[in-house]
file work38.tsv (TSV, C-alpha atoms)
chain	number	residue	atom	x	y	z
A	1	ALA	CA	-115.58	161.23	155.82
A	2	GLN	CA	-118.80	161.42	157.76
A	3	SER	CA	-121.62	163.89	157.85
A	4	VAL	CA	-125.05	164.21	159.37
A	5	THR	CA	-128.03	166.16	158.13
A	6	GLN	CA	-130.98	166.87	160.34
A	7	LEU	CA	-134.00	167.94	158.36
A	8	GLY	CA	-135.77	170.79	160.08
A	9	SER	CA	-134.05	173.04	162.56
A	10	HIS	CA	-137.33	173.51	164.43
A	11	VAL	CA	-140.15	171.05	165.01
A	12	SER	CA	-143.31	171.95	166.87
A	13	VAL	CA	-145.86	169.42	168.11
A	14	SER	CA	-148.79	169.36	170.46
A	15	GLU	CA	-148.60	167.50	173.72
A	16	GLY	CA	-149.62	163.90	173.09
A	17	ALA	CA	-148.79	164.03	169.40
A	18	LEU	CA	-146.21	161.96	167.56
A	19	VAL	CA	-142.67	163.26	167.57
A	20	LEU	CA	-140.59	162.65	164.44
A	21	LEU	CA	-137.11	164.11	164.12
A	22	ARG	CA	-135.29	163.31	160.91
A	23	CYS	CA	-131.64	162.40	160.51
A	24	ASN	CA	-129.73	161.29	157.45
A	25	TYR	CA	-126.08	160.39	157.51
A	26	SER	CA	-123.19	159.84	155.19
A	27	SER	CA	-120.39	157.49	156.10
A	28	SER	CA	-117.76	155.57	154.20
A	29	VAL	CA	-117.71	152.87	156.85
A	30	PRO	CA	-120.51	151.10	158.72
A	31	PRO	CA	-121.73	153.78	161.08
A	32	TYR	CA	-122.47	153.97	164.73
A	33	LEU	CA	-125.41	156.34	165.17
A	34	PHE	CA	-126.57	158.30	168.17
A	35	TRP	CA	-129.25	160.67	169.32
A	36	TYR	CA	-128.49	163.13	172.07
A	37	VAL	CA	-130.71	165.65	173.85
A	38	GLN	CA	-129.53	168.99	175.17
A	39	TYR	CA	-131.45	171.17	177.57
A	40	PRO	CA	-130.59	174.89	177.76
A	41	ASN	CA	-127.12	175.59	179.09
A	42	GLN	CA	-126.45	171.94	179.75
A	43	GLY	CA	-124.35	169.22	178.21
A	44	LEU	CA	-125.64	166.36	176.11
A	45	GLN	CA	-127.49	163.32	177.32
A	46	LEU	CA	-127.52	160.12	175.30
A	47	LEU	CA	-131.02	159.07	174.26
A	48	LEU	CA	-130.12	155.98	172.28
A	49	LYS	CA	-127.53	154.48	170.01
A	50	TYR	CA	-127.20	152.02	167.17
A	51	THR	CA	-124.03	150.03	166.75
A	52	THR	CA	-124.83	146.60	165.37
A	53	GLY	CA	-127.70	144.13	165.48
A	54	ALA	CA	-131.33	145.10	165.73
A	55	THR	CA	-132.09	148.11	163.60
A	56	LEU	CA	-134.88	149.39	165.82
A	57	VAL	CA	-133.37	150.73	168.99
A	58	LYS	CA	-135.19	151.92	172.05
A	59	GLY	CA	-133.88	154.61	174.29
A	60	ILE	CA	-134.78	156.55	177.37
A	61	ASN	CA	-137.92	158.60	177.89
A	62	GLY	CA	-139.92	156.58	175.37
A	63	PHE	CA	-137.83	157.49	172.33
A	64	GLU	CA	-136.84	155.05	169.64
A	65	ALA	CA	-135.05	155.19	166.31
A	66	GLU	CA	-134.71	152.90	163.34
A	67	PHE	CA	-131.55	152.44	161.34
A	68	LYS	CA	-132.36	152.16	157.63
A	69	LYS	CA	-129.22	151.49	155.67
A	70	SER	CA	-130.93	151.72	152.29
A	71	GLU	CA	-132.17	155.20	153.14
A	72	THR	CA	-129.10	156.20	155.17
A	73	SER	CA	-131.49	157.39	157.82
A	74	PHE	CA	-131.83	157.20	161.58
A	75	HIS	CA	-135.02	159.05	162.42
A	76	LEU	CA	-136.04	159.59	166.04
A	77	THR	CA	-139.63	159.03	167.11
A	78	LYS	CA	-141.80	159.12	170.19
A	79	PRO	CA	-145.47	158.15	170.05
A	80	SER	CA	-146.73	160.80	172.44
A	81	ALA	CA	-144.94	164.05	173.18
A	82	HIS	CA	-144.64	165.40	176.69
A	83	MET	CA	-143.94	168.96	177.71
A	84	SER	CA	-140.66	167.84	179.23
A	85	ASP	CA	-139.47	166.68	175.79
A	86	ALA	CA	-138.95	170.28	174.73
A	87	ALA	CA	-135.22	170.56	174.10
A	88	GLU	CA	-132.67	170.45	171.31
A	89	TYR	CA	-131.87	167.10	169.75
A	90	PHE	CA	-128.68	166.15	167.99
A	91	CYS	CA	-128.05	163.22	165.72
A	92	ALA	CA	-124.44	162.06	165.53
A	93	VAL	CA	-122.40	159.50	163.65
A	94	SER	CA	-119.19	157.74	164.55
A	95	GLY	CA	-117.14	155.15	162.77
A	96	PRO	CA	-116.16	151.81	164.26
A	97	SER	CA	-112.62	151.98	162.94
A	98	GLY	CA	-110.07	154.11	161.18
A	99	THR	CA	-109.80	157.83	161.50
A	100	SER	CA	-113.45	158.14	162.44
A	101	TYR	CA	-113.08	155.75	165.34
A	102	GLY	CA	-114.78	157.15	168.40
A	103	LYS	CA	-115.08	160.66	166.98
A	104	LEU	CA	-118.59	162.01	166.84
A	105	THR	CA	-119.81	164.16	163.98
A	106	PHE	CA	-122.96	166.02	164.91
A	107	GLY	CA	-125.86	167.28	162.90
A	108	GLN	CA	-127.01	170.87	163.21
A	109	GLY	CA	-129.60	170.06	165.79
A	110	THR	CA	-133.39	170.22	165.89
A	111	ILE	CA	-135.22	172.29	168.47
A	112	LEU	CA	-138.38	170.54	169.58
A	113	THR	CA	-141.19	172.68	170.94
A	114	VAL	CA	-144.17	171.05	172.61
A	115	HIS	CA	-147.41	173.00	172.89
A	116	PRO	CA	-150.02	172.29	175.55
B	1	GLY	CA	-122.81	156.08	186.84
B	2	ALA	CA	-120.72	157.67	184.06
B	3	VAL	CA	-120.82	161.23	185.34
B	4	VAL	CA	-118.64	163.95	183.88
B	5	SER	CA	-118.24	167.30	185.56
B	6	GLN	CA	-116.84	170.58	184.32
B	7	HIS	CA	-115.55	173.53	186.26
B	8	PRO	CA	-116.29	176.35	186.14
B	9	SER	CA	-119.78	176.38	184.69
B	10	ARG	CA	-119.44	180.02	183.75
B	11	VAL	CA	-116.44	182.29	183.50
B	12	ILE	CA	-115.94	185.87	182.43
B	13	CYS	CA	-112.44	187.06	181.69
B	14	LYS	CA	-110.77	190.05	180.17
B	15	SER	CA	-109.24	190.02	176.74
B	16	GLY	CA	-105.63	188.89	176.82
B	17	THR	CA	-105.91	186.70	179.89
B	18	SER	CA	-105.91	182.92	180.05
B	19	VAL	CA	-108.66	180.69	181.34
B	20	LYS	CA	-108.50	177.06	182.43
B	21	ILE	CA	-111.47	174.73	182.23
B	22	GLU	CA	-111.44	171.38	184.01
B	23	CYS	CA	-113.21	168.22	182.91
B	24	ARG	CA	-113.45	165.31	185.33
B	25	SER	CA	-114.85	161.83	185.05
B	26	LEU	CA	-116.27	161.21	188.51
B	27	ASP	CA	-116.97	157.49	188.58
B	28	PHE	CA	-114.98	155.94	185.76
B	29	GLN	CA	-111.56	156.12	184.21
B	30	ALA	CA	-111.52	158.06	180.97
B	31	THR	CA	-108.83	156.90	178.62
B	32	THR	CA	-110.01	159.42	176.05
B	33	MET	CA	-111.54	162.84	176.46
B	34	PHE	CA	-112.91	165.13	173.80
B	35	TRP	CA	-113.31	168.88	173.77
B	36	TYR	CA	-116.08	170.54	171.79
B	37	ARG	CA	-117.05	174.08	171.10
B	38	GLN	CA	-120.62	175.17	170.55
B	39	PHE	CA	-121.60	178.56	169.19
B	40	PRO	CA	-125.07	179.93	169.93
B	41	LYS	CA	-127.76	178.03	168.10
B	42	GLN	CA	-125.20	175.84	166.39
B	43	SER	CA	-124.01	172.31	166.67
B	44	LEU	CA	-120.99	170.98	168.51
B	45	MET	CA	-117.67	171.13	166.77
B	46	LEU	CA	-114.92	168.81	167.88
B	47	MET	CA	-111.80	170.73	168.82
B	48	ALA	CA	-109.46	168.01	169.97
B	49	THR	CA	-109.10	164.49	171.27
B	50	SER	CA	-106.89	163.76	174.23
B	51	ASN	CA	-105.64	160.45	175.49
B	52	GLU	CA	-104.26	160.09	178.96
B	53	GLY	CA	-100.54	160.64	179.07
B	54	SER	CA	-100.12	161.73	175.47
B	55	LYS	CA	-100.43	164.87	173.43
B	56	ALA	CA	-103.83	165.94	172.24
B	57	THR	CA	-104.83	165.57	168.61
B	58	TYR	CA	-106.36	168.74	167.27
B	59	GLU	CA	-108.91	169.03	164.52
B	60	GLN	CA	-108.06	170.98	161.43
B	61	GLY	CA	-108.30	174.70	161.98
B	62	VAL	CA	-107.95	174.58	165.76
B	63	GLU	CA	-104.91	176.42	167.07
B	64	LYS	CA	-103.08	174.11	169.43
B	65	ASP	CA	-101.03	176.92	170.92
B	66	LYS	CA	-104.17	178.83	171.78
B	67	PHE	CA	-106.19	175.93	173.14
B	68	LEU	CA	-103.86	173.97	175.38
B	69	ILE	CA	-105.15	170.57	176.40
B	70	ASN	CA	-103.68	168.44	179.14
B	71	HIS	CA	-104.88	164.96	180.06
B	72	ALA	CA	-102.61	164.20	182.97
B	73	SER	CA	-104.68	161.52	184.64
B	74	LEU	CA	-107.45	159.07	183.84
B	75	THR	CA	-110.02	161.32	185.47
B	76	LEU	CA	-108.94	164.83	184.56
B	77	SER	CA	-108.43	166.82	181.41
B	78	THR	CA	-107.97	170.56	181.21
B	79	LEU	CA	-108.49	173.07	178.43
B	80	THR	CA	-106.64	176.37	178.72
B	81	VAL	CA	-107.67	179.18	176.46
B	82	THR	CA	-104.59	181.37	176.21
B	83	SER	CA	-104.62	185.09	175.45
B	84	ALA	CA	-108.37	185.01	175.14
B	85	HIS	CA	-110.19	187.29	172.75
B	86	PRO	CA	-113.89	188.10	172.47
B	87	GLU	CA	-114.21	185.73	169.52
B	88	ASP	CA	-113.25	182.89	171.86
B	89	SER	CA	-116.48	183.44	173.75
B	90	SER	CA	-118.42	180.23	173.42
B	91	PHE	CA	-119.83	177.20	175.17
B	92	TYR	CA	-117.15	174.58	175.72
B	93	ILE	CA	-118.20	171.00	176.36
B	94	CYS	CA	-116.05	168.03	177.20
B	95	SER	CA	-116.85	164.37	176.91
B	96	ALA	CA	-115.14	161.30	178.21
B	97	ARG	CA	-114.92	157.73	177.05
B	98	SER	CA	-113.81	154.76	179.05
B	99	GLY	CA	-111.66	152.07	177.58
B	100	THR	CA	-114.37	149.46	177.70
B	101	GLY	CA	-116.20	150.44	174.53
B	102	PRO	CA	-115.39	152.17	171.27
B	103	TYR	CA	-118.34	154.43	171.14
B	104	GLU	CA	-119.83	155.52	174.43
B	105	GLN	CA	-119.11	159.16	175.27
B	106	TYR	CA	-120.39	160.88	178.37
B	107	PHE	CA	-120.75	164.62	178.25
B	108	GLY	CA	-120.05	167.25	180.84
B	109	PRO	CA	-122.52	170.08	181.50
B	110	GLY	CA	-120.44	172.63	179.62
B	111	THR	CA	-118.63	175.87	180.45
B	112	ARG	CA	-119.85	179.22	179.23
B	113	LEU	CA	-116.85	181.45	178.50
B	114	THR	CA	-117.34	185.16	177.96
B	115	VAL	CA	-114.36	187.30	177.04
B	116	THR	CA	-114.82	191.03	177.50
call {"tool": "encode", "arguments": {"input": "work38.tsv", "output": "structure tokens"}}
result
Amino acid sequence: AQSVTQLGSHVSVSEGALVLLRCNYSSSVPPYLFWYVQYPNQGLQLLLKYTTGATLVKGINGFEAEFKKSETSFHLTKPSAHMSDAAEYFCAVSGPSGTSYGKLTFGQGTILTVHP
Amino acid sequence: GAVVSQHPSRVICKSGTSVKIECRSLDFQATTMFWYRQFPKQSLMLMATSNEGSKATYEQGVEKDKFLINHASLTLSTLTVTSAHPEDSSFYICSARSGTGPYEQYFGPGTRLTVT
């Protein structure tokens, strides 16, 4: 079984400030981890993903995330927030095999607000 | 590349009628498509997984006779909500995965269904 917990349903930052969105996961198999962004009334866009290899992954729009197995975390960061980053962000986990193969389990989402 | 479309983007129907939502992969062949449901201010919940040419696999608690899924070709999957009721009102999102990787899902823009 897999689960994802996103700490903080709302995060507010000033433009230019650090963005940190927290994600912890639970998985009985080595996980594949993802961050998606959703703008209002739209589908999801993949920001970045971790499958194997380097634990620090870089994505689009200046975002990056680090897989920390010991902490079962996959927090999303961006050094300097931009107004266009305001959206809802979802962390998701998938398994590489078995019943969880290819099936995404999403966290509850974090709404990011960026103030001028 | 990897574009997924959904049609319609919005639909309003009367209680008791059926509604069909189409999901198309525009520039790749989707061996697997997923259907999600998203309630306001909530996360995505996987409804079913469909593989081209075979019956869909529904998640626990999802009524297969109410949510009919057809994946007749490598570029098209349809979700039909039968005998719709107001509680079926939701945002329905599909995603598609090609056969080249176990984890990459591309999401459609979603369909807003309102049942009156």
call {"tool": "interface_residues", "arguments": {"input": "work38.tsv", "of": "chain A", "to": "chain B", "cutoff": "9 Å", "atoms": "all atoms listed in the file", "output": "VMD selection string"}}
result
chain A and resid 32 41 to 46 49 51 90 94 to 97 101 to 109
call {"tool": "write_last_selection", "arguments": {"input": "work38.tsv", "atoms": "C-alpha atoms", "output": "mmCIF file, keeping the file's coordinate frame"}}
result
data_model
loop_
_atom_site.group_PDB
_atom_site.id
_atom_site.type_symbol
_atom_site.label_atom_id
_atom_site.label_comp_id
_atom_site.auth_asym_id
_atom_site.auth_seq_id
_atom_site.Cartn_x
_atom_site.Cartn_y
_atom_site.Cartn_z
ATOM 1 C CA TYR A 32 -122.470 153.970 164.730
ATOM 2 C CA ASN A 41 -127.120 175.590 179.090
ATOM 3 C CA GLN A 42 -126.450 171.940 179.750
ATOM 4 C CA GLY A 43 -124.350 169.220 178.210
ATOM 5 C CA LEU A 44 -125.640 166.360 176.110
ATOM 6 C CA GLN A 45 -127.490 163.320 177.320
ATOM 7 C CA LEU A 46 -127.520 160.120 175.300
ATOM 8 C CA LYS A 49 -127.530 154.480 170.010
ATOM 9 C CA THR A 51 -124.030 150.030 166.750
ATOM 10 C CA PHE A 90 -128.680 166.150 167.990
ATOM 11 C CA SER A 94 -119.190 157.740 164.550
ATOM 12 C CA GLY A 95 -117.140 155.150 162.770
ATOM 13 C CA PRO A 96 -116.160 151.810 164.260
ATOM 14 C CA SER A 97 -112.620 151.980 162.940
ATOM 15 C CA TYR A 101 -113.080 155.750 165.340
ATOM 16 C CA GLY A 102 -114.780 157.150 168.400
ATOM 17 C CA LYS A 103 -115.080 160.660 166.980
ATOM 18 C CA LEU A 104 -118.590 162.010 166.840
ATOM 19 C CA THR A 105 -119.810 164.160 163.980
ATOM 20 C CA PHE A 106 -122.960 166.020 164.910
ATOM 21 C CA GLY A 107 -125.860 167.280 162.900
ATOM 22 C CA GLN A 108 -127.010 170.870 163.210
ATOM 23 C CA GLY A 109 -129.600 170.060 165.790
#
call {"tool": "atom_distance", "arguments": {"input": "work38.tsv", "atom1": "CA of Ala1 in chain A", "atom2": "CA of Ser28 in chain A"}}
result
6.3 Å
call {"tool": "residues_around", "arguments": {"input": "work38.tsv", "residues": "Lys69 in chain A", "least_positions_apart": "3", "cutoff": "10 Å", "atoms": "all atoms listed in the file", "output": "PyMOL selection string"}}
result
chain A and resi 24-25+30-31+55+66+72-74
call {"tool": "write_last_selection", "arguments": {"input": "work38.tsv", "atoms": "C-alpha atoms", "output": "compact mmCIF listing (two decimals), keeping the file's coordinate frame"}}
result
# COMPACT_ATOMS: atom_id res chain seq x y z
CA ASN A 24 -129.73 161.29 157.45
CA TYR A 25 -126.08 160.39 157.51
CA PRO A 30 -120.51 151.10 158.72
CA PRO A 31 -121.73 153.78 161.08
CA THR A 55 -132.09 148.11 163.60
CA GLU A 66 -134.71 152.90 163.34
CA THR A 72 -129.10 156.20 155.17
CA SER A 73 -131.49 157.39 157.82
CA PHE A 74 -131.83 157.20 161.58
call {"tool": "residues_around", "arguments": {"input": "work38.tsv", "residues": "Val19 in chain B", "least_positions_apart": "5", "cutoff": "8 Å", "atoms": "all atoms listed in the file", "output": "list of chain:residue names"}}
result
B:Cys13, B:Thr80, B:Val81, B:Thr82, B:Ala84
call {"tool": "atom_distance", "arguments": {"input": "work38.tsv", "atom1": "CA of Arg37 in chain B", "atom2": "CA of Ile111 in chain A"}}
result
18.4 Å
call {"tool": "residues_near_point", "arguments": {"input": "work38.tsv", "point": "(-101.6, 167.8, 175.1)", "cutoff": "7 Å", "atoms": "only C-alpha atoms", "output": "list in words"}}
result
Ser50, Ser54, Lys55, Ala56, Leu68, Ile69, Asn70 and His71 of chain B
call {"tool": "atom_distance", "arguments": {"input": "work38.tsv", "atom1": "CA of Glu52 in chain B", "atom2": "CA of Cys23 in chain B"}}
result
12.7 Å
call {"tool": "residues_around", "arguments": {"input": "work38.tsv", "residues": "Thr110 in chain A", "least_positions_apart": "2", "cutoff": "12 Å", "atoms": "only C-alpha atoms", "output": "PyMOL selection string"}}
result
(chain A and resi 5-12+19-23+35-39+75-76+86-91+106-108+112-113) or (chain B and resi 41-43)
call {"tool": "closest_residue", "arguments": {"input": "work38.tsv", "among": "B:Leu113, B:Ser90, B:Ala72, B:Tyr58", "to": "Ile21 in chain B", "atoms": "all atoms listed in the file"}}
result
B:Leu113
call {"tool": "closest_residue", "arguments": {"input": "work38.tsv", "among": "B:Val62, B:Ala30, B:Val115, B:Leu74", "to": "Arg10 in chain B", "atoms": "only C-alpha atoms"}}
result
B:Val115
